[in-house]
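One structure is given below, encoded as structure tokens.
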Amino acid sequence: MPKVTYIDVDGTRYDCEVASGLSVMEGAVNNGVPGILAICGGSCACSTCHAYIDDAWAERVGGPNDIEDATLDLANERKPTSRLTCQVQITDAMDGLVVHVAKND
Ligand code: FES
């Protein structure tokens, strides 16, 4: 199962195993990672699953589509590596992914 490391806003690391096919958001919620609120349940409508893809992974993960891009405009402190984690699906090739949780409220 791919390993995903979540780093919360305080710098605490959460090394998790997330099944391929789940979203990065689902992996965070399933593992109790704080800060990924996911209020809309993963329908790309709330921006409370906002995180920054680690620089080493940003190119491989890629950017948002137009719908996600519009919702990301609602997020706090958007950066070039910002993604809505409900829209990032885990694959076997993403073993070792690192994401930094944004300040979601
Ligand atoms: S969970 Fe609401 S936008 Fe991702």
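Residues in the structure tokens are numbered from 1 in each chain, the chains being A, B, ... in the order shown, and ligands are numbered from 1 in the order shown.
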*Could you pull out the residues sitting within 10 Å of ligand 1, using only C-alpha atoms and all ligand atoms, and write them as a ChimeraX atom specification?*
/A:23-26,36-51,68,71-72,74-75,83-88
Please produce a file of those selected residues containing N, CA and C atoms, as a PDB file, in the first residue's frame.
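Heads up, here's the output in result17.pdb:
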ATOM      1  N   SER A  23      -8.590   8.965  -2.147  1.00  0.00           N
ATOM      2  CA  SER A  23      -8.030  10.307  -2.329  1.00  0.00           C
ATOM      3  C   SER A  23      -7.071  10.607  -1.180  1.00  0.00           C
ATOM      4  N   VAL A  24      -6.230  11.599  -1.399  1.00  0.00           N
ATOM      5  CA  VAL A  24      -5.336  12.045  -0.326  1.00  0.00           C
ATOM      6  C   VAL A  24      -6.166  12.524   0.865  1.00  0.00           C
ATOM      7  N   MET A  25      -7.301  13.140   0.595  1.00  0.00           N
ATOM      8  CA  MET A  25      -8.207  13.568   1.682  1.00  0.00           C
ATOM      9  C   MET A  25      -8.707  12.364   2.468  1.00  0.00           C
ATOM     10  N   GLU A  26      -9.174  11.329   1.781  1.00  0.00           N
ATOM     11  CA  GLU A  26      -9.696  10.150   2.482  1.00  0.00           C
ATOM     12  C   GLU A  26      -8.606   9.509   3.328  1.00  0.00           C
ATOM     13  N   ILE A  36      -7.403  18.475   7.977  1.00  0.00           N
ATOM     14  CA  ILE A  36      -8.117  18.197   6.728  1.00  0.00           C
ATOM     15  C   ILE A  36      -9.592  18.020   7.119  1.00  0.00           C
ATOM     16  N   LEU A  37     -10.343  19.092   7.005  1.00  0.00           N
ATOM     17  CA  LEU A  37     -11.718  19.098   7.529  1.00  0.00           C
ATOM     18  C   LEU A  37     -12.691  18.426   6.569  1.00  0.00           C
ATOM     19  N   ALA A  38     -12.512  18.670   5.285  1.00  0.00           N
ATOM     20  CA  ALA A  38     -13.326  17.999   4.260  1.00  0.00           C
ATOM     21  C   ALA A  38     -14.824  18.146   4.512  1.00  0.00           C
ATOM     22  N   ILE A  39     -15.239  19.360   4.751  1.00  0.00           N
ATOM     23  CA  ILE A  39     -16.627  19.622   5.139  1.00  0.00           C
ATOM     24  C   ILE A  39     -17.628  19.189   4.063  1.00  0.00           C
ATOM     25  N   CYS A  40     -17.260  19.312   2.809  1.00  0.00           N
ATOM     26  CA  CYS A  40     -18.221  18.948   1.750  1.00  0.00           C
ATOM     27  C   CYS A  40     -18.182  17.457   1.412  1.00  0.00           C
ATOM     28  N   GLY A  41     -17.294  16.735   2.069  1.00  0.00           N
ATOM     29  CA  GLY A  41     -17.262  15.295   1.872  1.00  0.00           C
ATOM     30  C   GLY A  41     -16.543  14.848   0.608  1.00  0.00           C
ATOM     31  N   GLY A  42     -15.846  15.764  -0.014  1.00  0.00           N
ATOM     32  CA  GLY A  42     -15.045  15.376  -1.181  1.00  0.00           C
ATOM     33  C   GLY A  42     -15.652  15.753  -2.515  1.00  0.00           C
ATOM     34  N   SER A  43     -16.600  16.676  -2.509  1.00  0.00           N
ATOM     35  CA  SER A  43     -17.249  17.055  -3.769  1.00  0.00           C
ATOM     36  C   SER A  43     -16.675  18.332  -4.375  1.00  0.00           C
ATOM     37  N   CYS A  44     -15.484  18.720  -3.933  1.00  0.00           N
ATOM     38  CA  CYS A  44     -14.768  19.852  -4.538  1.00  0.00           C
ATOM     39  C   CYS A  44     -15.536  21.165  -4.389  1.00  0.00           C
ATOM     40  N   ALA A  45     -16.204  21.325  -3.247  1.00  0.00           N
ATOM     41  CA  ALA A  45     -17.042  22.508  -3.076  1.00  0.00           C
ATOM     42  C   ALA A  45     -16.664  23.401  -1.899  1.00  0.00           C
ATOM     43  N   CYS A  46     -15.741  22.942  -1.034  1.00  0.00           N
ATOM     44  CA  CYS A  46     -15.556  23.702   0.215  1.00  0.00           C
ATOM     45  C   CYS A  46     -14.142  24.259   0.411  1.00  0.00           C
ATOM     46  N   SER A  47     -13.153  23.630  -0.121  1.00  0.00           N
ATOM     47  CA  SER A  47     -11.733  23.995  -0.001  1.00  0.00           C
ATOM     48  C   SER A  47     -11.128  23.666   1.364  1.00  0.00           C
ATOM     49  N   THR A  48     -11.864  23.010   2.266  1.00  0.00           N
ATOM     50  CA  THR A  48     -11.310  22.724   3.597  1.00  0.00           C
ATOM     51  C   THR A  48     -10.464  21.451   3.644  1.00  0.00           C
ATOM     52  N   CYS A  49     -10.159  20.920   2.491  1.00  0.00           N
ATOM     53  CA  CYS A  49      -9.199  19.807   2.416  1.00  0.00           C
ATOM     54  C   CYS A  49      -7.900  20.289   1.764  1.00  0.00           C
ATOM     55  N   HIS A  50      -7.705  21.602   1.785  1.00  0.00           N
ATOM     56  CA  HIS A  50      -6.554  22.235   1.121  1.00  0.00           C
ATOM     57  C   HIS A  50      -5.227  21.794   1.743  1.00  0.00           C
ATOM     58  N   ALA A  51      -4.285  21.456   0.882  1.00  0.00           N
ATOM     59  CA  ALA A  51      -2.924  21.138   1.324  1.00  0.00           C
ATOM     60  C   ALA A  51      -1.954  21.536   0.224  1.00  0.00           C
ATOM     61  N   GLU A  68     -11.611  22.475  -9.825  1.00  0.00           N
ATOM     62  CA  GLU A  68     -10.825  22.554  -8.589  1.00  0.00           C
ATOM     63  C   GLU A  68     -10.145  23.910  -8.472  1.00  0.00           C
ATOM     64  N   THR A  71     -12.515  26.392  -7.018  1.00  0.00           N
ATOM     65  CA  THR A  71     -12.758  26.184  -5.589  1.00  0.00           C
ATOM     66  C   THR A  71     -11.519  26.545  -4.772  1.00  0.00           C
ATOM     67  N   LEU A  72     -10.345  26.302  -5.325  1.00  0.00           N
ATOM     68  CA  LEU A  72      -9.105  26.655  -4.620  1.00  0.00           C
ATOM     69  C   LEU A  72      -9.015  28.151  -4.352  1.00  0.00           C
ATOM     70  N   LEU A  74     -11.124  29.823  -3.039  1.00  0.00           N
ATOM     71  CA  LEU A  74     -11.756  30.053  -1.737  1.00  0.00           C
ATOM     72  C   LEU A  74     -10.809  29.730  -0.586  1.00  0.00           C
ATOM     73  N   ALA A  75      -9.707  29.058  -0.869  1.00  0.00           N
ATOM     74  CA  ALA A  75      -8.815  28.559   0.178  1.00  0.00           C
ATOM     75  C   ALA A  75      -7.949  29.675   0.762  1.00  0.00           C
ATOM     76  N   ARG A  83      -3.345  22.108  -3.632  1.00  0.00           N
ATOM     77  CA  ARG A  83      -4.344  21.206  -4.221  1.00  0.00           C
ATOM     78  C   ARG A  83      -5.438  20.964  -3.190  1.00  0.00           C
ATOM     79  N   LEU A  84      -6.589  20.651  -3.698  1.00  0.00           N
ATOM     80  CA  LEU A  84      -7.657  20.147  -2.834  1.00  0.00           C
ATOM     81  C   LEU A  84      -7.465  18.636  -2.768  1.00  0.00           C
ATOM     82  N   THR A  85      -7.193  18.139  -1.572  1.00  0.00           N
ATOM     83  CA  THR A  85      -6.749  16.748  -1.461  1.00  0.00           C
ATOM     84  C   THR A  85      -7.849  15.747  -1.811  1.00  0.00           C
ATOM     85  N   CYS A  86      -9.095  16.195  -1.831  1.00  0.00           N
ATOM     86  CA  CYS A  86     -10.165  15.273  -2.253  1.00  0.00           C
ATOM     87  C   CYS A  86     -10.105  15.005  -3.751  1.00  0.00           C
ATOM     88  N   GLN A  87      -9.338  15.818  -4.457  1.00  0.00           N
ATOM     89  CA  GLN A  87      -9.251  15.681  -5.907  1.00  0.00           C
ATOM     90  C   GLN A  87      -7.952  15.016  -6.353  1.00  0.00           C
ATOM     91  N   VAL A  88      -7.149  14.582  -5.396  1.00  0.00           N
ATOM     92  CA  VAL A  88      -5.883  13.911  -5.717  1.00  0.00           C
ATOM     93  C   VAL A  88      -6.030  12.438  -5.355  1.00  0.00           C
TER      94      VAL A  88
END
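Per DSSP on the backbone, helix (DSSP H, G or I) in region 9-95 of chain A comprises Val24, Met25, Glu26, Gly27, Ala28, Val29, Asn30, Asp55, Ala56, Trp57, Ala58, Glu59, Arg60, Val61, Asp66, Ile67, Glu68, Asp69, Ala70, Thr71, Leu72, Thr85, Cys86, Gln87, Asp92, Ala93 and Met94 of chain A.
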*Find the residues near Gly32 (chain A): any atom within 12 Å, counting only C-alpha atoms, skip ones fewer than 3 places away on the same chain, and give them as a list in words.*
Tyr6, Asp8, Arg13, Tyr14, Asp15, Cys16, Met25, Glu26, Gly27, Ala28, Val29, Gly35, Ile36 and Leu37 of chain A
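Residues in contact with Gly21 (chain A) at 7 Å, where only C-alpha atoms are counted and same-chain residues fewer than 3 positions away are skipped, are listed as Gln89, Ile90 and Thr91 of chain A.
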*From a DSSP pass on the backbone, collect the residues of region 3-78 of chain A flagged as strand (DSSP E or B) and hand them back as a VMD selection string.*
chain A and resid 3 to 7 13 to 17 23 50 to 53
Kindly export the residues of the current selection with C-alpha atoms, as a compact mmCIF listing (two decimals), in the first residue's frame.
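File produced: part33.txt:
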# COMPACT_ATOMS: atom_id res chain seq x y z
CA LYS A 3 2.87 5.43 2.05
CA VAL A 4 1.78 9.05 2.36
CA THR A 5 3.30 11.48 4.83
CA TYR A 6 1.10 14.32 6.02
CA ILE A 7 2.74 17.23 7.84
CA ARG A 13 4.45 14.18 10.69
CA TYR A 14 1.86 11.50 10.12
CA ASP A 15 3.26 8.53 8.19
CA CYS A 16 0.25 6.69 6.82
CA GLU A 17 -0.58 3.87 4.47
CA SER A 23 -8.03 10.31 -2.33
CA HIS A 50 -6.55 22.23 1.12
CA ALA A 51 -2.92 21.14 1.32
CA TYR A 52 0.37 21.88 -0.37
CA ILE A 53 2.01 19.12 -2.35
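Pairwise distance (CA of Val99 (chain A), CA of Asp54 (chain A)) equals 5.3 Å.
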